[in-house]
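Listing of query-v6.cif, mmCIF, C-alpha atoms
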```
data_upload
loop_
_atom_site.label_atom_id
_atom_site.label_comp_id
_atom_site.auth_asym_id
_atom_site.auth_seq_id
_atom_site.Cartn_x
_atom_site.Cartn_y
_atom_site.Cartn_z
CA MET A 1097 0.26 -55.51 3.13
CA PHE A 1098 1.18 -57.67 0.19
CA LYS A 1099 4.34 -57.52 -1.87
CA PHE A 1100 4.11 -56.70 -5.53
CA GLY A 1101 5.69 -58.58 -8.39
CA VAL A 1102 6.51 -57.49 -11.90
CA ASN A 1103 3.37 -57.43 -14.07
CA ASP A 1104 1.02 -57.55 -11.06
CA ILE A 1105 -2.08 -55.43 -11.60
CA VAL A 1106 -2.88 -53.16 -8.66
CA PHE A 1107 -5.17 -50.28 -7.76
CA TYR A 1108 -3.20 -47.22 -6.62
CA GLY A 1109 -4.72 -44.30 -4.75
CA THR A 1110 -6.33 -41.78 -7.05
CA THR A 1111 -4.39 -43.05 -10.08
CA GLY A 1112 -6.48 -46.20 -10.61
CA VAL A 1113 -5.47 -49.51 -12.14
CA CYS A 1114 -1.72 -49.87 -12.68
CA ARG A 1115 0.74 -52.55 -13.76
CA VAL A 1116 3.82 -53.05 -11.60
CA ASP A 1117 6.74 -52.68 -14.00
CA GLY A 1118 9.40 -53.41 -11.40
CA VAL A 1119 11.46 -51.97 -8.60
CA ASP A 1120 14.09 -49.37 -9.45
CA ASP A 1121 16.73 -47.53 -7.50
CA VAL A 1122 16.23 -43.80 -7.95
CA LYS A 1123 18.78 -41.23 -6.82
CA LEU A 1124 17.36 -37.98 -5.52
CA GLY A 1125 20.08 -35.64 -4.36
CA ARG A 1126 22.56 -37.73 -2.36
CA GLU A 1127 20.07 -40.40 -1.41
CA THR A 1128 19.19 -43.49 -3.44
CA LYS A 1129 15.88 -45.19 -2.65
CA GLN A 1130 13.96 -48.11 -4.04
CA TYR A 1131 10.65 -47.40 -5.73
CA TYR A 1132 7.90 -49.54 -7.19
CA VAL A 1133 7.42 -48.41 -10.77
CA LEU A 1134 3.72 -48.38 -11.69
CA THR A 1135 2.23 -47.71 -15.11
CA PRO A 1136 -1.44 -46.75 -15.23
CA VAL A 1137 -3.25 -49.22 -17.48
CA SER A 1138 -5.64 -46.71 -19.03
CA GLN A 1139 -3.28 -43.72 -19.16
CA GLY A 1140 -0.42 -44.56 -21.45
CA GLY A 1141 2.78 -42.62 -21.12
CA SER A 1142 2.70 -41.84 -17.43
CA THR A 1143 4.64 -43.53 -14.63
CA VAL A 1144 4.09 -43.51 -10.88
CA PHE A 1145 6.95 -44.12 -8.42
CA VAL A 1146 6.03 -45.41 -4.96
CA PRO A 1147 8.84 -45.64 -2.36
CA THR A 1148 9.15 -49.22 -1.12
CA ASP A 1149 9.76 -47.97 2.43
CA ASN A 1150 6.87 -45.48 2.67
CA GLU A 1151 4.07 -47.26 4.54
CA VAL A 1152 1.59 -44.43 3.98
CA LEU A 1153 1.97 -44.52 0.20
CA LEU A 1154 2.19 -48.32 0.13
CA SER A 1155 -1.11 -48.49 2.02
CA ARG A 1156 -2.71 -46.87 -1.02
CA VAL A 1157 -1.65 -49.76 -3.25
CA ARG A 1158 -4.32 -52.45 -3.21
CA LYS A 1159 -5.17 -55.58 -5.05
CA VAL A 1160 -7.62 -55.02 -7.88
CA LEU A 1161 -11.12 -56.18 -7.02
CA THR A 1162 -12.50 -59.42 -8.42
CA LYS A 1163 -15.83 -59.68 -10.25
CA SER A 1164 -17.46 -61.21 -7.19
CA GLU A 1165 -16.07 -58.45 -4.95
CA ILE A 1166 -17.53 -55.82 -7.28
CA GLN A 1167 -20.92 -57.53 -7.21
CA ASN A 1168 -20.70 -57.87 -3.42
CA ILE A 1169 -19.90 -54.17 -2.94
CA ILE A 1170 -22.83 -53.17 -5.14
CA SER A 1171 -25.29 -55.56 -3.52
CA ASN A 1172 -24.25 -54.43 -0.01
CA LEU A 1173 -24.51 -50.70 -0.76
CA PRO A 1174 -26.92 -49.33 1.87
CA ALA A 1175 -30.14 -48.24 0.15
CA ASP A 1176 -30.68 -44.97 1.99
CA ALA A 1177 -27.13 -43.96 2.95
CA GLU A 1178 -25.35 -41.01 1.40
CA VAL A 1179 -22.06 -39.14 1.66
CA TRP A 1180 -23.06 -35.52 2.06
CA SER A 1181 -22.58 -32.37 4.07
CA ASN A 1182 -24.50 -29.14 3.60
CA ASN A 1183 -21.20 -27.30 4.04
CA PRO A 1184 -19.45 -27.11 0.61
CA ALA A 1185 -15.95 -26.89 2.13
CA GLU A 1186 -16.67 -29.93 4.30
CA ARG A 1187 -17.91 -31.85 1.22
CA VAL A 1188 -14.63 -31.12 -0.58
CA ARG A 1189 -12.73 -32.55 2.39
CA ILE A 1190 -15.03 -35.58 2.72
CA TYR A 1191 -14.84 -36.50 -0.96
CA ALA A 1192 -11.06 -36.05 -1.02
CA GLU A 1193 -10.77 -38.42 1.96
CA VAL A 1194 -13.09 -40.97 0.36
CA LEU A 1195 -11.03 -40.99 -2.84
CA LYS A 1196 -7.76 -41.18 -0.94
CA SER A 1197 -9.07 -44.07 1.17
CA GLY A 1198 -9.60 -46.23 -1.90
CA ASP A 1199 -12.70 -47.75 -0.25
CA ARG A 1200 -14.68 -48.69 -3.35
CA GLY A 1201 -17.92 -49.02 -1.37
CA GLN A 1202 -17.59 -45.45 -0.09
CA ILE A 1203 -16.58 -44.24 -3.55
CA LEU A 1204 -19.69 -45.90 -5.04
CA LEU A 1205 -21.82 -44.35 -2.30
CA SER A 1206 -20.33 -40.93 -3.09
CA VAL A 1207 -21.09 -41.37 -6.79
CA ARG A 1208 -24.67 -42.40 -6.05
CA THR A 1209 -25.12 -39.45 -3.67
CA LEU A 1210 -23.81 -36.93 -6.17
CA LEU A 1211 -25.74 -38.37 -9.13
CA THR A 1212 -28.95 -38.40 -7.10
CA ARG A 1213 -28.40 -34.81 -6.01
CA ARG A 1214 -27.55 -33.78 -9.59
CA ARG A 1215 -30.79 -35.39 -10.80
CA ALA A 1216 -32.86 -33.60 -8.12
CA LEU A 1217 -31.22 -30.25 -8.84
CA SER A 1218 -31.65 -30.68 -12.58
CA ALA A 1219 -35.39 -31.17 -12.08
CA THR A 1220 -35.50 -27.66 -10.58
CA GLY A 1221 -33.25 -26.10 -13.23
CA LYS A 1222 -30.19 -26.02 -10.99
CA LYS A 1223 -26.77 -27.63 -11.17
CA LEU A 1224 -24.32 -29.28 -8.80
CA HIS A 1225 -21.57 -27.06 -7.42
CA ILE A 1226 -18.39 -27.24 -9.54
CA THR A 1227 -16.45 -28.89 -6.69
CA ASP A 1228 -19.14 -31.58 -6.43
CA GLU A 1229 -18.95 -32.15 -10.19
CA ARG A 1230 -15.18 -32.51 -9.89
CA ALA A 1231 -15.51 -35.01 -7.03
CA LEU A 1232 -18.08 -36.95 -9.05
CA ARG A 1233 -15.85 -37.01 -12.14
CA ASP A 1234 -12.82 -38.20 -10.17
CA ALA A 1235 -14.78 -40.90 -8.33
CA GLN A 1236 -16.41 -42.16 -11.53
CA ARG A 1237 -13.06 -42.25 -13.31
CA LEU A 1238 -11.57 -44.51 -10.64
CA LEU A 1239 -14.54 -46.86 -10.57
CA ILE A 1240 -14.90 -47.03 -14.33
CA ASP A 1241 -11.16 -47.67 -14.70
CA GLU A 1242 -11.21 -50.60 -12.29
CA PHE A 1243 -14.60 -52.04 -13.23
CA SER A 1244 -13.85 -51.99 -16.97
CA TYR A 1245 -10.53 -53.73 -16.34
CA VAL A 1246 -11.97 -56.38 -14.02
CA LEU A 1247 -15.16 -57.00 -15.98
CA GLY A 1248 -13.31 -56.97 -19.33
CA VAL A 1249 -15.59 -54.34 -20.85
CA GLU A 1250 -15.17 -50.94 -22.45
CA PRO A 1251 -15.28 -47.92 -20.11
CA ASN A 1252 -18.71 -46.82 -21.36
CA GLU A 1253 -20.08 -50.31 -20.61
CA ALA A 1254 -18.55 -50.19 -17.12
CA GLU A 1255 -20.17 -46.80 -16.56
CA GLU A 1256 -23.56 -48.15 -17.64
CA TYR A 1257 -23.09 -51.18 -15.38
CA ILE A 1258 -22.36 -48.90 -12.41
CA LEU A 1259 -25.27 -46.55 -13.10
CA SER A 1260 -27.79 -49.32 -13.67
CA ASN A 1261 -26.80 -50.97 -10.39
CA ILE A 1262 -26.61 -47.99 -8.03
CA LEU A 1263 -29.26 -45.52 -9.19
CA PRO A 1264 -32.97 -45.96 -8.60
CA GLU A 1265 -35.19 -45.67 -11.64
CA LYS A 1266 -36.24 -42.10 -12.49
#
```
Now, as a test, write the supplied structure out as structure tokens.
Amino acid sequence: MFKFGVNDIVFYGTTGVCRVDGVDDVKLGRETKQYYVLTPVSQGGSTVFVPTDNEVLLSRVRKVLTKSEIQNIISNLPADAEVWSNNPAERVRIYAEVLKSGDRGQILLSVRTLLTRRRALSATGKKLHITDERALRDAQRLLIDEFSYVLGVEPNEAEEYILSNILPEK
């Protein structure tokens, strides 16, 4: 676990890329606790408070990937692996765990799995289940947020970069 300084850029849970604005004492009821104050980089106006003494929540705060780490994750993505269960309720649980884990390799694998399945279903006139679409949207949002920040590109360019590197040609 690393300590965070003011203006550090971090990746937090399902929020995405955030700037550490400081540590504040916040009084809730009779108790005052210290919290890291995080501001999402791409979502102006919101603030996230993470208790400095909560190891579970702190474990969800990670350093932002570097360009070489992004390239390494993409190049090491197993060609034939997927994150899938035929049980829709199980898929909801699996995708929620993957997002919560913050493991960008598993998140990329989930995105590739869902996009591949969407493509196959579309060819037969069918659609992904709404919960799968939601999982896909949430996973893409996190990846696009971090990749666009790290690569210094617009979100649509980060999305194209991801798609061109993880999906086989049609």
| request: Tell me which protein, DNA and RNA residues are within 10 Å of segment 1209-1223 of chain A, counting only C-alpha atoms, leaving out same-chain ones fewer than 5 positions away, and put them as a ChimeraX atom specification. | output: /A:1176-1180,1203-1204,1228-1229,1231-1233,1259,1262-1264,1266
| query | Residues at most 12 Å from segment 1151-1155 of chain A, counting all atoms listed in the file, excluding those fewer than 3 positions away in the same chain, as a PyMOL selection string? | reply | chain A and resi 1097-1100+1106-1110+1131-1132+1134+1144-1148+1158-1159+1196-1199
| message | Calculated over all atoms listed in the file, which of the candidates A:Asn1168, A:Val1249, A:Ser1206, A:Cys1114 has the smallest distance to Ser1181 of chain A? | response | A:Ser1206
| Non-local contacts of segment 1169-1172 of chain A (9 Å; only C-alpha atoms; under 5 positions in same chain excluded) as a ChimeraX atom specification | /A:1164,1200-1201,1204,1258,1261-1262
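Our summary of the geometry notes that atom CA of Val1113 of chain A is positioned 10.0 Å from atom CA of Ser1244 of chain A.
If all atoms listed in the file are the atoms counted, then among A:Val1207, A:Leu1247, A:Val1188, A:Val1160 the closest residue to Ile1226 of chain A is A:Val1188.
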For segment 1116-1119 of chain A, work out the shell of residues within 7 Å, counting all atoms listed in the file and skipping chain neighbours fewer than 6 positions away, then give it as a PDB file with C-alpha atoms, in the frame of the given file.
```pdb
ATOM      1  CA  GLY A1101       5.690 -58.580  -8.390  1.00  0.00           C
ATOM      2  CA  VAL A1102       6.510 -57.490 -11.900  1.00  0.00           C
ATOM      3  CA  ASN A1103       3.370 -57.430 -14.070  1.00  0.00           C
ATOM      4  CA  ASP A1104       1.020 -57.550 -11.060  1.00  0.00           C
ATOM      5  CA  ILE A1105      -2.080 -55.430 -11.600  1.00  0.00           C
ATOM      6  CA  GLN A1130      13.960 -48.110  -4.040  1.00  0.00           C
ATOM      7  CA  TYR A1131      10.650 -47.400  -5.730  1.00  0.00           C
ATOM      8  CA  TYR A1132       7.900 -49.540  -7.190  1.00  0.00           C
ATOM      9  CA  VAL A1133       7.420 -48.410 -10.770  1.00  0.00           C
ATOM     10  CA  LEU A1134       3.720 -48.380 -11.690  1.00  0.00           C
ATOM     11  CA  THR A1135       2.230 -47.710 -15.110  1.00  0.00           C
TER      12      THR A1135
END
```
| Separation of atom CA of Arg1115 of chain A from atom CA of Ser1142 of chain A, in Å and rounded to one decimal | 11.5 Å
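For the pair atom CA of Ile1166 of chain A and atom CA of Ile1240 of chain A, the interatomic distance is 11.6 Å.
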Save segment 1155-1190 of chain A to a file: C-alpha atoms, as a compact mmCIF listing (two decimals), in the first residue's frame.
```txt
# COMPACT_ATOMS: atom_id res chain seq x y z
CA SER A 1155 -7.00 -1.38 -1.21
CA ARG A 1156 -9.19 -0.08 -4.02
CA VAL A 1157 -6.96 2.97 -4.48
CA ARG A 1158 -4.20 2.15 -6.94
CA LYS A 1159 -1.53 3.93 -8.87
CA VAL A 1160 -2.60 4.87 -12.37
CA LEU A 1161 -1.08 2.60 -15.00
CA THR A 1162 1.82 3.77 -17.14
CA LYS A 1163 1.83 3.61 -20.95
CA SER A 1164 4.11 0.58 -20.88
CA GLU A 1165 1.87 -1.16 -18.32
CA ILE A 1166 -1.15 -0.60 -20.57
CA GLN A 1167 0.72 -2.03 -23.55
CA ASN A 1168 1.92 -4.96 -21.43
CA ILE A 1169 -1.61 -5.78 -20.22
CA ILE A 1170 -2.93 -5.71 -23.78
CA SER A 1171 -0.10 -7.79 -25.22
CA ASN A 1172 -0.44 -10.40 -22.43
CA LEU A 1173 -4.22 -10.75 -22.77
CA PRO A 1174 -4.81 -14.48 -23.36
CA ALA A 1175 -6.09 -14.99 -26.91
CA ASP A 1176 -8.81 -17.52 -26.17
CA ALA A 1177 -9.77 -16.70 -22.57
CA GLU A 1178 -13.09 -15.16 -21.63
CA VAL A 1179 -15.02 -14.09 -18.55
CA TRP A 1180 -18.39 -15.75 -18.93
CA SER A 1181 -21.01 -17.87 -17.23
CA ASN A 1182 -24.15 -19.22 -18.87
CA ASN A 1183 -26.02 -18.28 -15.69
CA PRO A 1184 -27.09 -14.58 -15.95
CA ALA A 1185 -27.14 -14.07 -12.16
CA GLU A 1186 -23.65 -15.54 -11.90
CA ARG A 1187 -22.43 -13.22 -14.68
CA VAL A 1188 -23.74 -10.19 -12.77
CA ARG A 1189 -21.76 -11.34 -9.72
CA ILE A 1190 -18.62 -12.11 -11.74
```
